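Enquirer: Provided below: data.txt, containing compact mmCIF, C-alpha atoms.
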# COMPACT_ATOMS: atom_id res chain seq x y z
CA MET A 1 163.31 211.54 133.41
CA ALA A 2 166.08 209.43 134.88
CA ALA A 3 168.39 207.66 132.49
CA LYS A 4 168.11 203.90 132.42
CA ASP A 5 171.56 203.34 133.92
CA THR A 6 170.64 205.43 136.97
CA ALA A 7 167.23 203.82 137.49
CA PRO A 8 166.69 202.04 140.82
CA SER A 9 166.58 198.27 141.01
CA LEU A 10 163.27 196.49 141.53
CA GLU A 11 162.78 194.92 144.96
CA ILE A 12 160.17 192.56 146.42
CA LEU A 13 159.00 192.19 150.01
CA ALA A 14 157.62 188.80 151.05
CA ARG A 15 156.31 187.75 154.46
CA GLY A 16 155.57 184.32 155.92
CA PRO A 17 155.18 182.76 159.39
CA GLU A 18 158.86 183.27 160.17
CA GLY A 19 158.85 186.94 159.22
CA CYS A 20 159.62 189.18 156.24
CA PHE A 21 162.55 189.47 153.84
CA VAL A 22 163.38 191.56 150.77
CA TRP A 23 164.59 190.19 147.43
CA ASN A 24 166.04 192.09 144.52
CA GLY A 25 163.55 192.14 141.67
CA PRO A 26 163.92 190.91 138.06
CA PRO A 27 165.83 190.42 135.91
CA PHE A 28 167.52 187.87 138.19
CA GLY A 29 171.13 186.78 138.01
CA ASN A 30 171.54 182.97 137.92
CA ASP A 31 167.75 182.64 137.58
CA GLU A 32 167.15 183.35 141.30
CA PRO A 33 166.64 186.54 143.30
CA SER A 34 169.26 187.58 145.83
CA VAL A 35 168.44 188.73 149.37
CA LYS A 36 168.58 192.47 150.13
CA LEU A 37 167.20 192.16 153.68
CA GLU A 38 167.61 188.94 155.64
CA ARG A 39 164.50 187.51 157.28
CA VAL A 40 163.16 189.65 160.14
CA PRO A 41 160.66 188.01 162.56
CA CYS A 42 157.50 190.12 162.49
CA SER A 43 153.70 190.14 162.34
CA SER A 44 153.43 192.73 159.56
CA ALA A 45 155.57 194.83 157.23
CA LYS A 46 154.71 197.73 154.93
CA PHE A 47 156.58 200.23 152.77
CA SER A 48 155.86 203.93 152.83
CA GLU A 49 154.08 205.13 149.70
CA ASP A 50 157.31 206.48 148.16
CA GLY A 51 159.33 203.37 149.06
CA SER A 52 161.86 205.28 151.19
CA ARG A 53 161.00 203.57 154.48
CA LEU A 54 159.88 200.12 155.63
CA LEU A 55 157.76 199.60 158.75
CA VAL A 56 158.12 196.25 160.53
CA MET A 57 155.96 195.25 163.52
CA LYS A 58 157.90 192.86 165.74
CA SER A 59 157.04 191.04 168.97
CA ASP A 60 156.59 192.78 172.34
CA PHE A 61 154.97 195.80 170.63
CA VAL A 62 158.20 196.89 168.96
CA ILE A 63 157.95 198.81 165.66
CA SER A 64 161.13 199.15 163.60
CA ILE A 65 161.68 201.59 160.74
CA TYR A 66 164.21 200.73 158.02
CA ASP A 67 165.89 203.00 155.49
CA CYS A 68 165.18 201.32 152.13
CA SER A 69 168.33 202.61 150.44
CA SER A 70 170.44 200.42 152.75
CA PHE A 71 167.81 198.33 154.60
CA LYS A 72 169.41 199.38 157.87
CA GLU A 73 167.19 199.99 160.92
CA ILE A 74 167.05 203.72 161.64
CA LYS A 75 164.58 203.84 164.55
CA SER A 76 162.73 201.54 166.90
CA PHE A 77 159.54 202.38 168.81
CA GLN A 78 158.08 200.57 171.83
CA VAL A 79 154.30 201.16 171.72
CA PRO A 80 152.41 199.06 174.33
CA ASN A 81 149.16 197.45 173.16
CA VAL A 82 149.55 198.81 169.64
CA LEU A 83 146.80 197.59 167.31
CA ALA A 84 147.76 199.38 164.08
CA ALA A 85 150.67 201.35 162.66
CA VAL A 86 151.31 203.08 159.33
CA LEU A 87 153.94 205.33 157.76
CA SER A 88 153.09 208.64 156.12
CA PRO A 89 153.55 208.75 152.31
CA CYS A 90 157.13 210.12 152.45
CA GLY A 91 158.04 208.18 155.60
CA THR A 92 158.29 211.35 157.72
CA TYR A 93 155.76 210.20 160.31
CA LEU A 94 154.70 206.98 162.02
CA GLN A 95 151.06 206.84 163.10
CA THR A 96 150.03 204.34 165.79
CA PHE A 97 146.74 203.32 167.38
CA GLN A 98 146.77 201.66 170.81
CA LYS A 99 144.10 199.84 172.73
CA SER A 100 142.64 202.22 175.31
CA SER A 101 139.72 202.14 177.72
CA THR A 102 139.70 205.73 178.93
CA PRO A 103 139.63 209.14 177.19
CA GLN A 104 142.39 210.27 179.53
CA VAL A 105 144.83 208.07 177.58
CA LYS A 106 145.68 209.61 174.20
CA ASN A 107 145.96 206.43 172.15
CA LEU A 108 146.36 207.88 168.64
CA VAL A 109 149.94 209.12 168.28
CA LEU A 110 151.92 210.67 165.42
CA TRP A 111 155.71 210.23 165.70
CA LYS A 112 158.66 211.65 163.77
CA THR A 113 160.44 208.61 162.30
CA GLU A 114 163.91 210.19 162.38
CA SER A 115 163.89 211.48 165.96
CA GLY A 116 161.24 209.31 167.60
CA GLU A 117 159.53 212.46 168.89
CA SER A 118 155.76 212.48 169.44
CA VAL A 119 154.31 215.44 167.51
CA TYR A 120 150.57 214.88 167.99
CA GLN A 121 148.35 212.83 170.33
CA GLN A 122 144.62 212.41 170.84
CA PHE A 123 142.07 209.94 172.18
CA GLN A 124 140.19 207.87 169.62
CA LYS A 125 137.57 205.39 170.72
CA ASN A 126 137.98 202.86 167.92
CA MET A 127 139.21 202.32 164.37
CA THR A 128 138.10 200.39 161.30
CA LYS A 129 139.60 199.66 157.89
CA THR A 130 137.42 202.45 156.50
CA THR A 131 138.66 205.06 158.96
CA TRP A 132 142.33 204.02 159.19
CA PRO A 133 144.71 205.77 159.00
CA SER A 134 142.96 208.37 161.11
CA ILE A 135 145.19 211.23 159.96
CA ARG A 136 145.46 211.29 156.15
CA LEU A 137 148.33 213.00 154.35
CA SER A 138 148.67 213.80 150.66
CA SER A 139 151.49 212.12 148.72
CA ASP A 140 153.75 215.16 149.14
CA GLU A 141 152.68 215.51 152.81
CA ALA A 142 151.59 219.11 152.16
CA ILE A 143 148.02 218.48 153.39
CA ALA A 144 146.88 216.59 156.52
CA CYS A 145 143.32 215.96 157.67
CA ARG A 146 141.17 213.63 159.75
CA MET A 147 137.49 212.76 159.96
CA ALA A 148 135.64 213.63 163.17
CA THR A 149 131.96 213.67 164.13
CA ASN A 150 130.11 215.73 161.51
CA GLU A 151 133.28 217.42 160.25
CA ILE A 152 136.67 217.14 158.54
CA GLN A 153 139.55 218.66 160.49
CA PHE A 154 142.80 219.98 158.98
CA PHE A 155 146.32 220.28 160.44
CA ASP A 156 149.49 222.12 159.49
CA PRO A 157 151.76 219.19 158.44
CA LYS A 158 154.87 221.25 159.23
CA ASP A 159 153.71 221.92 162.78
CA PHE A 160 151.17 219.52 164.28
CA SER A 161 151.54 221.28 167.63
CA LYS A 162 149.16 223.93 166.29
CA GLY A 163 146.39 221.34 166.52
CA ILE A 164 143.36 221.77 164.26
CA VAL A 165 143.87 224.83 162.04
CA HIS A 166 140.53 224.74 160.20
CA ARG A 167 137.51 222.51 159.65
CA ILE A 168 134.71 221.70 157.23
CA ARG A 169 131.31 220.83 158.65
CA VAL A 170 129.86 217.72 156.95
CA PRO A 171 126.87 216.36 158.91
CA GLY A 172 126.75 212.56 158.93
CA VAL A 173 130.14 212.04 157.29
CA ALA A 174 131.21 208.38 157.55
CA ALA A 175 134.35 208.22 155.39
CA VAL A 176 136.77 210.63 153.76
CA GLU A 177 139.37 210.33 151.01
CA LEU A 178 142.09 212.90 150.42
CA SER A 179 143.35 213.44 146.88
CA MET A 180 146.96 212.33 146.62
CA VAL A 181 148.78 214.40 143.99
CA PRO A 182 148.19 217.20 144.67
CA GLY A 183 146.29 217.08 147.95
CA SER A 184 143.98 219.83 146.79
CA HIS A 185 140.59 218.25 147.49
CA VAL A 186 138.90 215.91 149.92
CA ALA A 187 135.86 213.71 149.24
CA ALA A 188 133.32 212.91 151.94
CA PHE A 189 130.81 210.05 151.94
CA ILE A 190 127.51 210.46 153.77
CA PRO A 191 125.50 207.22 153.98
CA GLU A 192 121.74 206.91 153.55
CA SER A 193 119.82 208.02 156.64
CA LYS A 194 116.10 208.21 157.39
CA GLY A 195 115.14 207.98 153.74
CA VAL A 196 117.68 210.55 152.57
CA PRO A 197 119.84 208.94 149.85
CA ALA A 198 123.58 208.52 150.29
CA SER A 199 125.79 211.22 148.78
CA VAL A 200 129.38 212.11 147.99
CA GLN A 201 130.66 215.66 148.39
CA ILE A 202 134.00 217.11 147.25
CA PHE A 203 135.62 220.07 148.99
CA ALA A 204 138.69 222.19 148.26
CA CYS A 205 141.31 221.91 151.00
CA GLY A 206 141.98 225.66 151.35
CA LYS A 207 140.76 227.67 154.33
CA GLU A 208 137.95 229.21 152.31
CA MET A 209 136.08 225.97 152.01
CA GLN A 210 133.47 225.62 149.33
CA ASN A 211 131.39 222.66 148.32
CA VAL A 212 132.66 221.94 144.81
CA ASP A 213 130.43 219.17 143.65
CA LYS A 214 128.24 216.37 144.88
CA THR A 215 126.15 213.44 143.83
CA ASN A 216 122.87 212.72 145.53
CA GLN A 217 121.62 209.61 143.81
CA SER A 218 119.86 206.77 145.52
CA TYR A 219 120.88 203.32 144.38
CA TYR A 220 118.32 201.13 146.21
CA GLY A 221 120.03 197.88 145.34
CA GLU A 222 121.45 198.94 141.97
CA SER A 223 125.15 199.22 141.24
CA LYS A 224 126.22 202.46 139.56
CA LEU A 225 129.46 204.24 138.80
CA ASN A 226 129.37 207.98 139.44
CA TYR A 227 131.91 210.38 137.97
CA LEU A 228 132.67 213.78 139.48
CA THR A 229 135.19 216.50 138.66
CA THR A 230 136.58 218.95 141.19
CA ASN A 231 135.77 221.96 139.01
CA GLY A 232 132.14 220.94 138.57
CA SER A 233 132.44 220.52 134.80
CA HIS A 234 131.06 216.99 134.84
CA GLU A 235 128.82 215.08 137.20
CA GLY A 236 126.76 211.97 136.62
CA LEU A 237 126.76 208.30 135.83
CA VAL A 238 129.38 206.59 133.68
CA PRO A 239 127.46 205.10 130.71
CA LEU A 240 127.95 201.36 131.06
CA ARG A 241 126.46 199.12 128.40
CA LYS A 242 125.69 196.16 130.65
CA GLU A 243 123.76 195.70 133.88
CA GLY A 244 125.31 194.23 136.99
CA PRO A 245 127.90 195.04 139.65
CA ILE A 246 130.93 197.30 139.28
CA HIS A 247 133.85 194.92 139.85
CA ASP A 248 136.83 197.26 139.55
CA VAL A 249 137.83 200.76 138.38
CA GLN A 250 141.34 202.14 137.83
CA TRP A 251 142.77 205.36 136.40
CA SER A 252 145.74 205.33 134.04
CA CYS A 253 148.94 206.96 135.26
CA SER A 254 148.23 210.06 133.17
CA GLY A 255 144.78 210.54 134.68
CA SER A 256 143.39 210.95 131.16
CA GLU A 257 141.67 207.54 130.95
CA PHE A 258 140.09 205.05 133.32
CA ALA A 259 139.18 201.39 132.91
CA VAL A 260 136.05 199.72 134.30
CA VAL A 261 135.20 196.03 134.72
CA TYR A 262 131.45 195.66 135.17
CA GLY A 263 128.30 193.62 134.64
CA PHE A 264 127.05 190.13 135.35
CA MET A 265 129.40 187.36 134.30
CA PRO A 266 130.92 187.23 131.79
CA ALA A 267 131.85 190.78 132.77
CA SER A 268 132.62 193.55 130.27
CA ALA A 269 135.60 195.90 130.32
CA THR A 270 135.69 199.38 128.80
CA LEU A 271 138.19 202.25 128.74
CA PHE A 272 136.81 205.80 129.04
CA ASP A 273 138.30 209.27 128.66
CA LYS A 274 137.86 212.10 131.18
CA LYS A 275 134.51 213.01 129.66
CA CYS A 276 133.24 209.45 130.09
CA HIS A 277 133.38 208.75 126.36
CA PRO A 278 134.30 205.13 125.56
CA LEU A 279 137.76 204.80 124.03
CA LEU A 280 138.23 201.05 123.75
CA GLU A 281 136.17 197.93 124.37
CA LEU A 282 138.24 195.11 125.88
CA GLY A 283 135.64 192.41 125.30
CA SER A 284 134.07 190.23 127.97
CA GLY A 285 135.16 187.29 130.10
CA PRO A 286 135.46 185.93 133.64
CA TYR A 287 137.04 189.15 134.93
CA ASN A 288 136.74 191.19 138.13
CA THR A 289 140.11 192.97 138.23
CA VAL A 290 141.92 195.60 136.16
CA ARG A 291 145.52 196.65 136.76
CA TRP A 292 146.96 199.52 134.73
CA ASN A 293 150.68 199.52 134.03
CA PRO A 294 152.39 202.49 135.78
CA LYS A 295 153.83 203.64 132.45
CA GLY A 296 150.33 203.74 130.92
CA LYS A 297 151.08 201.49 127.93
CA PHE A 298 149.81 198.10 129.19
CA LEU A 299 146.97 196.87 131.31
CA CYS A 300 145.91 193.50 132.65
CA LEU A 301 142.35 192.20 132.92
CA ALA A 302 142.01 189.31 135.35
CA GLY A 303 139.53 187.15 137.21
CA PHE A 304 140.73 186.42 140.73
CA GLY A 305 139.08 185.40 144.01
CA ASN A 306 136.25 183.02 143.15
CA LEU A 307 137.09 183.18 139.43
CA PRO A 308 139.52 180.80 137.66
CA GLY A 309 142.43 183.25 137.26
CA ASP A 310 142.22 184.15 133.55
CA MET A 311 144.46 187.09 132.59
CA ALA A 312 144.42 189.14 129.38
CA PHE A 313 147.22 191.61 128.67
CA TRP A 314 146.51 194.62 126.46
CA ASP A 315 148.70 197.18 124.77
CA TYR A 316 146.65 200.35 125.15
CA VAL A 317 148.84 202.44 122.83
CA ASP A 318 148.53 199.93 119.96
CA LYS A 319 144.97 198.96 120.95
CA LYS A 320 145.56 195.20 120.84
CA ASN A 321 145.55 192.10 123.00
CA ILE A 322 149.16 190.91 123.37
CA GLY A 323 148.73 187.76 125.43
CA THR A 324 146.53 185.62 127.67
CA THR A 325 147.38 183.21 130.45
CA LYS A 326 146.18 182.04 133.88
CA ALA A 327 147.24 182.56 137.48
CA GLU A 328 144.89 180.33 139.46
CA TRP A 329 144.11 181.11 143.10
CA SER A 330 145.74 184.54 143.01
CA VAL A 331 144.89 186.77 145.97
CA THR A 332 146.95 189.85 145.08
CA SER A 333 148.30 191.26 141.80
CA GLU A 334 150.45 194.25 140.92
CA TRP A 335 152.63 195.70 138.14
CA SER A 336 156.29 196.40 138.89
CA PRO A 337 157.14 200.11 139.21
CA ASP A 338 159.05 200.05 135.89
CA GLY A 339 156.00 198.58 134.12
CA CYS A 340 157.80 195.54 132.70
CA TYR A 341 156.56 192.78 135.02
CA PHE A 342 153.28 191.66 136.59
CA MET A 343 153.34 189.78 139.89
CA THR A 344 150.57 187.64 141.37
CA ALA A 345 150.60 185.99 144.79
CA THR A 346 148.58 183.23 146.42
CA THR A 347 148.55 183.94 150.13
CA ALA A 348 147.19 182.79 153.48
CA PRO A 349 144.84 183.05 155.25
CA ARG A 350 142.70 183.39 152.11
CA LEU A 351 144.19 180.14 150.78
CA GLN A 352 146.11 177.67 152.92
CA VAL A 353 147.63 175.62 150.08
CA ASP A 354 149.58 176.36 146.89
CA ASN A 355 150.98 179.58 148.35
CA GLY A 356 153.50 181.29 146.12
CA ILE A 357 154.60 184.09 143.81
CA LYS A 358 154.42 184.28 140.01
CA ILE A 359 156.06 186.99 137.92
CA PHE A 360 154.99 187.48 134.30
CA HIS A 361 156.42 189.53 131.45
CA HIS A 362 154.27 192.44 130.21
CA ASN A 363 152.75 190.10 127.58
CA GLY A 364 151.71 187.39 130.04
CA SER A 365 154.55 184.92 129.51
CA LEU A 366 155.80 183.44 132.79
CA TYR A 367 159.18 184.67 133.97
CA PHE A 368 159.51 183.33 137.53
CA LYS A 369 157.63 181.15 140.00
CA LYS A 370 158.35 180.37 143.64
CA MET A 371 156.24 178.23 145.98
CA PHE A 372 156.08 178.59 149.77
CA ASP A 373 154.72 176.37 152.51
CA LYS A 374 152.95 179.50 153.78
CA LEU A 375 153.02 183.04 152.40
CA TYR A 376 151.14 185.97 153.92
CA GLU A 377 151.99 188.73 151.45
CA ALA A 378 154.21 189.80 148.58
CA GLN A 379 154.62 193.36 147.30
CA TRP A 380 156.91 195.43 145.10
CA LYS A 381 158.87 198.17 146.82
CA PRO A 382 157.25 201.39 145.57
CA GLU A 383 159.24 203.62 143.23
CA SER A 384 158.19 206.54 141.06
CA PRO A 385 157.75 205.29 137.47
CA ASP A 386 159.52 208.49 136.36
CA ARG A 387 162.78 207.12 137.78
CA PHE A 388 162.79 204.44 135.07
CA GLY A 389 163.44 204.82 131.34
CA GLU A 390 160.89 204.72 128.54
CA ILE A 391 158.88 201.50 128.62
CA ALA A 392 159.81 200.52 125.04
CA GLU A 393 163.53 200.67 125.89
CA LEU A 394 163.04 198.80 129.15
CA ILE A 395 161.17 196.01 127.35
CA LYS A 396 163.93 195.68 124.75
CA SER A 397 166.45 195.14 127.54
CA VAL A 398 164.56 192.13 128.93
CA ASP A 399 162.94 190.72 125.77
CA SER A 400 165.95 188.49 125.10
CA LEU A 401 165.37 186.67 128.38
CA LYS A 402 162.79 183.88 128.49
CA VAL A 403 162.56 181.72 131.61
CA THR A 404 160.65 178.47 131.49
CA GLU A 405 158.82 177.18 134.53
CA THR A 406 159.87 173.98 136.28
CA LYS A 407 158.85 172.65 139.66
CA SER A 408 160.58 171.09 142.66
CA GLN A 409 159.45 169.73 146.01
CA GLY A 410 156.95 172.43 146.94
CA GLN A 411 159.50 175.26 146.74
CA GLY A 412 159.31 175.93 143.03
CA ALA A 413 162.16 176.72 140.71
CA VAL A 414 163.07 178.36 137.46
CA SER A 415 165.09 176.83 134.67
CA LYS A 416 167.89 178.21 132.55
CA LYS A 417 167.31 181.11 130.17
CA THR A 418 166.40 180.23 126.62
CA ALA A 419 166.09 182.16 123.40
CA PRO A 420 162.65 183.75 122.97
CA PRO A 421 160.19 182.10 120.56
CA GLN A 422 158.63 183.96 117.66
CA LYS A 423 155.61 184.65 119.85
CA PRO A 424 155.30 184.58 123.67
CA ALA A 425 154.46 181.09 124.91
CA ALA A 426 151.20 182.33 126.41
CA TYR A 427 150.19 184.37 123.36
CA ARG A 428 146.78 183.92 121.76
CA PRO A 429 145.15 186.07 119.10
CA PRO A 430 142.82 188.80 120.38
CA HIS A 431 139.30 187.67 121.15
CA ALA A 432 137.15 187.96 118.04
CA LYS A 433 134.56 189.95 119.94
CA ALA A 434 137.05 192.53 121.23
CA ALA A 435 135.91 195.71 119.51
CA ALA A 436 138.17 198.19 117.78
CA ALA A 437 138.96 201.54 119.38
CA VAL A 438 136.10 204.00 119.57
CA GLN A 439 137.19 207.50 118.72
CA ALA A 440 136.71 209.92 121.61
CA GLU A 441 134.46 212.84 120.91
The structure given in the file should be rewritten as structure tokens.

Expert:
Amino acid sequence: MAAKDTAPSLEILARGPEGCFVWNGPPFGNDEPSVKLERVPCSSAKFSEDGSRLLVMKSDFVISIYDCSSFKEIKSFQVPNVLAAVLSPCGTYLQTFQKSSTPQVKNLVLWKTESGESVYQQFQKNMTKTTWPSIRLSSDEAIACRMATNEIQFFDPKDFSKGIVHRIRVPGVAAVELSMVPGSHVAAFIPESKGVPASVQIFACGKEMQNVDKTNQSYYGESKLNYLTTNGSHEGLVPLRKEGPIHDVQWSCSGSEFAVVYGFMPASATLFDKKCHPLLELGSGPYNTVRWNPKGKFLCLAGFGNLPGDMAFWDYVDKKNIGTTKAEWSVTSEWSPDGCYFMTATTAPRLQVDNGIKIFHHNGSLYFKKMFDKLYEAQWKPESPDRFGEIAELIKSVDSLKVTETKSQGQGAVSKKTAPPQKPAAYRPPHAKAAAAVQAE
């Protein structure tokens, strides 16, 4: 694990009507972030999964790629009538989809970001959020596949010129999801058809394809959470103790536990182990969101969207509630890569007023707030949590800083640093109905 003094700095991308810019992340010098990348006029901006590259879509169908170690532009692509663009997980490839009216025009293109060379092209009639990106790569870019009619097709990521190297036949497949680390398996969803219930099937990604596992359960209006393992050791429903919709599910960074928010309001929240045994009950409340800290120690339960923005912060290791607060009108929410901060954003077009960013300490106390006339998105630059020190040491280094919120003329501000109180300002005792940990079998 990297030593703390060699850990990367946190960085934040924000985008508004005038374009995108990048700030350094907390802790801030002089109470305000400094600018790492000056504002770039654009219609969208997105980091690669590993945070090494930044894709910026500019006017006149220009796509620029930036190196995130220096935020210098390394390549620019002119792609007429481009409708969508995305970087591969390690930033090696740029994938674009262009508007096209004829199969003779190969409108799905995979480019090398360093050289600008086109390495693969094909015609694709249309795209949706479910099917984009068309070519999926695992986090290490060792596996590449795409969904086609009634099959999943695989490529050699080191040489796309080989074309399709093998396939899995999956009649009726409507969506696929490739496992990320490692890219060893792919899941296929087949919707209900002619009375046959919907199903999920999992396949190994090797050439000798074998159906590993599947569910074949009809829901007919019910909401269920199915759990499958790639080795076939477990398959079935997660035992939830309350009826109603499944609002959110998220695995911990270790992959040993997952958290579920479920049921009619007030929703319940439960942590389970890999055998679907309950580990910890987090009580109930106006929640529809769970965000697990990338270091695995903390998690945040929240109620966003149509809910009033309540947030409850839990220490999973110590099995206790460590703070509650509110972030009204939040549209997005995310932990910082080092696990010390939690950022919420109120953005357009979902909400046209009160746009802004809030950053909270791990216990829910407010650290920073900034308002914008219009904000379209805010996101942390991705970094591997392993590049940061142990979470307990990181927290000690920022615990002496407490920033109190003030407000000014629609832009927001932060006040001077003050000594921390005995308890975080937003701290409340754990909810009386929050159950103690349940020992896993």

Enquirer: Determine, counting all atoms listed in the file, which protein, DNA and RNA residues have an atom within 12 Å of an atom of Thr96 (chain A); residues of the same chain fewer than 2 positions away are not included. Present the result as a ChimeraX atom specification.

Expert: /A:55,57,61-63,77-88,93-94,98-99,106-113,118,120-124,127,132-135

Enquirer: CA of Thr130 (chain A) and CA of Pro157 (chain A) are how many Å apart?

Expert: 22.1 Å

Enquirer: Rounded to one decimal place, report the CA of Gly339 (chain A)-CA of Cys90 (chain A) distance in Å.

Expert: 21.7 Å

Enquirer: How many Å lie between CA of Ser184 (chain A) and CA of Asp159 (chain A), rounded to one decimal?

Expert: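 Taking CA of Ser184 (chain A) and CA of Asp159 (chain A), their separation equals 18.8 Å.
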
Enquirer: Determine, counting only C-alpha atoms, which protein, DNA and RNA residues have an atom within 9 Å of an atom of Gly163 (chain A); residues of the same chain fewer than 5 positions away are not included. Present the result as a short mmCIF file (atom, residue, chain, number, x, y, z; two decimals) with C-alpha atoms, in the frame of the given file.

Expert:
data_model
loop_
_atom_site.label_atom_id
_atom_site.label_comp_id
_atom_site.auth_asym_id
_atom_site.auth_seq_id
_atom_site.Cartn_x
_atom_site.Cartn_y
_atom_site.Cartn_z
CA TYR A 120 150.57 214.88 167.99
CA PHE A 154 142.80 219.98 158.98
CA PHE A 155 146.32 220.28 160.44
CA ASP A 156 149.49 222.12 159.49
#

Enquirer: Rank nothing, just name the residue among A:Pro294, A:Gly16, A:Pro8, A:Gly91 nearest to Tyr376 (chain A), using all atoms listed in the file.

Expert: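 Using all atoms listed in the file, the shortest distance to Tyr376 (chain A) belongs to A:Gly16.
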
Enquirer: For Ser284 (chain A), which residue out of A:Gly303, A:Gly296, A:Gly323, A:Gly255 is the nearest one, using all atoms listed in the file?

Expert: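 Distance minimum relative to Ser284 (chain A) lands on A:Gly303.
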
Enquirer: Neighbours of Ala259 (chain A) within 6 Å (all atoms listed in the file; same-chain residues fewer than 3 positions away dropped), as a PyMOL selection string?

Expert: chain A and resi 249-250+270-271

Enquirer: Can I get the residues of region 4-82 of chain A within 12 Å of region 384-389 of chain A, each with the closest pair of atoms and their distance in Å to one decimal, using all atoms listed in the file, sorted chain first then ascending number, as a Markdown table?

Expert:
| residue | atom | partner | partner_atom | distance |
| --- | --- | --- | --- | --- |
| A:Lys4 | CA | A:Gly389 | CA | 4.9 |
| A:Asp5 | CA | A:Gly389 | CA | 8.6 |
| A:Thr6 | CA | A:Arg387 | CA | 8.1 |
| A:Ala7 | CA | A:Phe388 | CA | 5.1 |
| A:Pro8 | CA | A:Arg387 | CA | 7.1 |
| A:Ser9 | CA | A:Phe388 | CA | 9.4 |
| A:Leu10 | CA | A:Phe388 | CA | 10.3 |
| A:Glu49 | CA | A:Ser384 | CA | 9.7 |
| A:Asp50 | CA | A:Ser384 | CA | 7.2 |
| A:Gly51 | CA | A:Ser384 | CA | 8.7 |
| A:Ser52 | CA | A:Ser384 | CA | 10.8 |

Enquirer: For Leu37 (chain A), which residue among A:Ala345, A:Leu13, A:Val105, A:Val238 is the nearest when counting all atoms listed in the file?

Expert: A:Leu13

Enquirer: Could you pull the residues within 7 Å of Cys340 (chain A), counting all atoms listed in the file, minus those fewer than 6 positions along the same chain, as a list in words?

Expert: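 Neighbouring residues, sequence-local ones excluded: His361, His362 and Ile395 of chain A.
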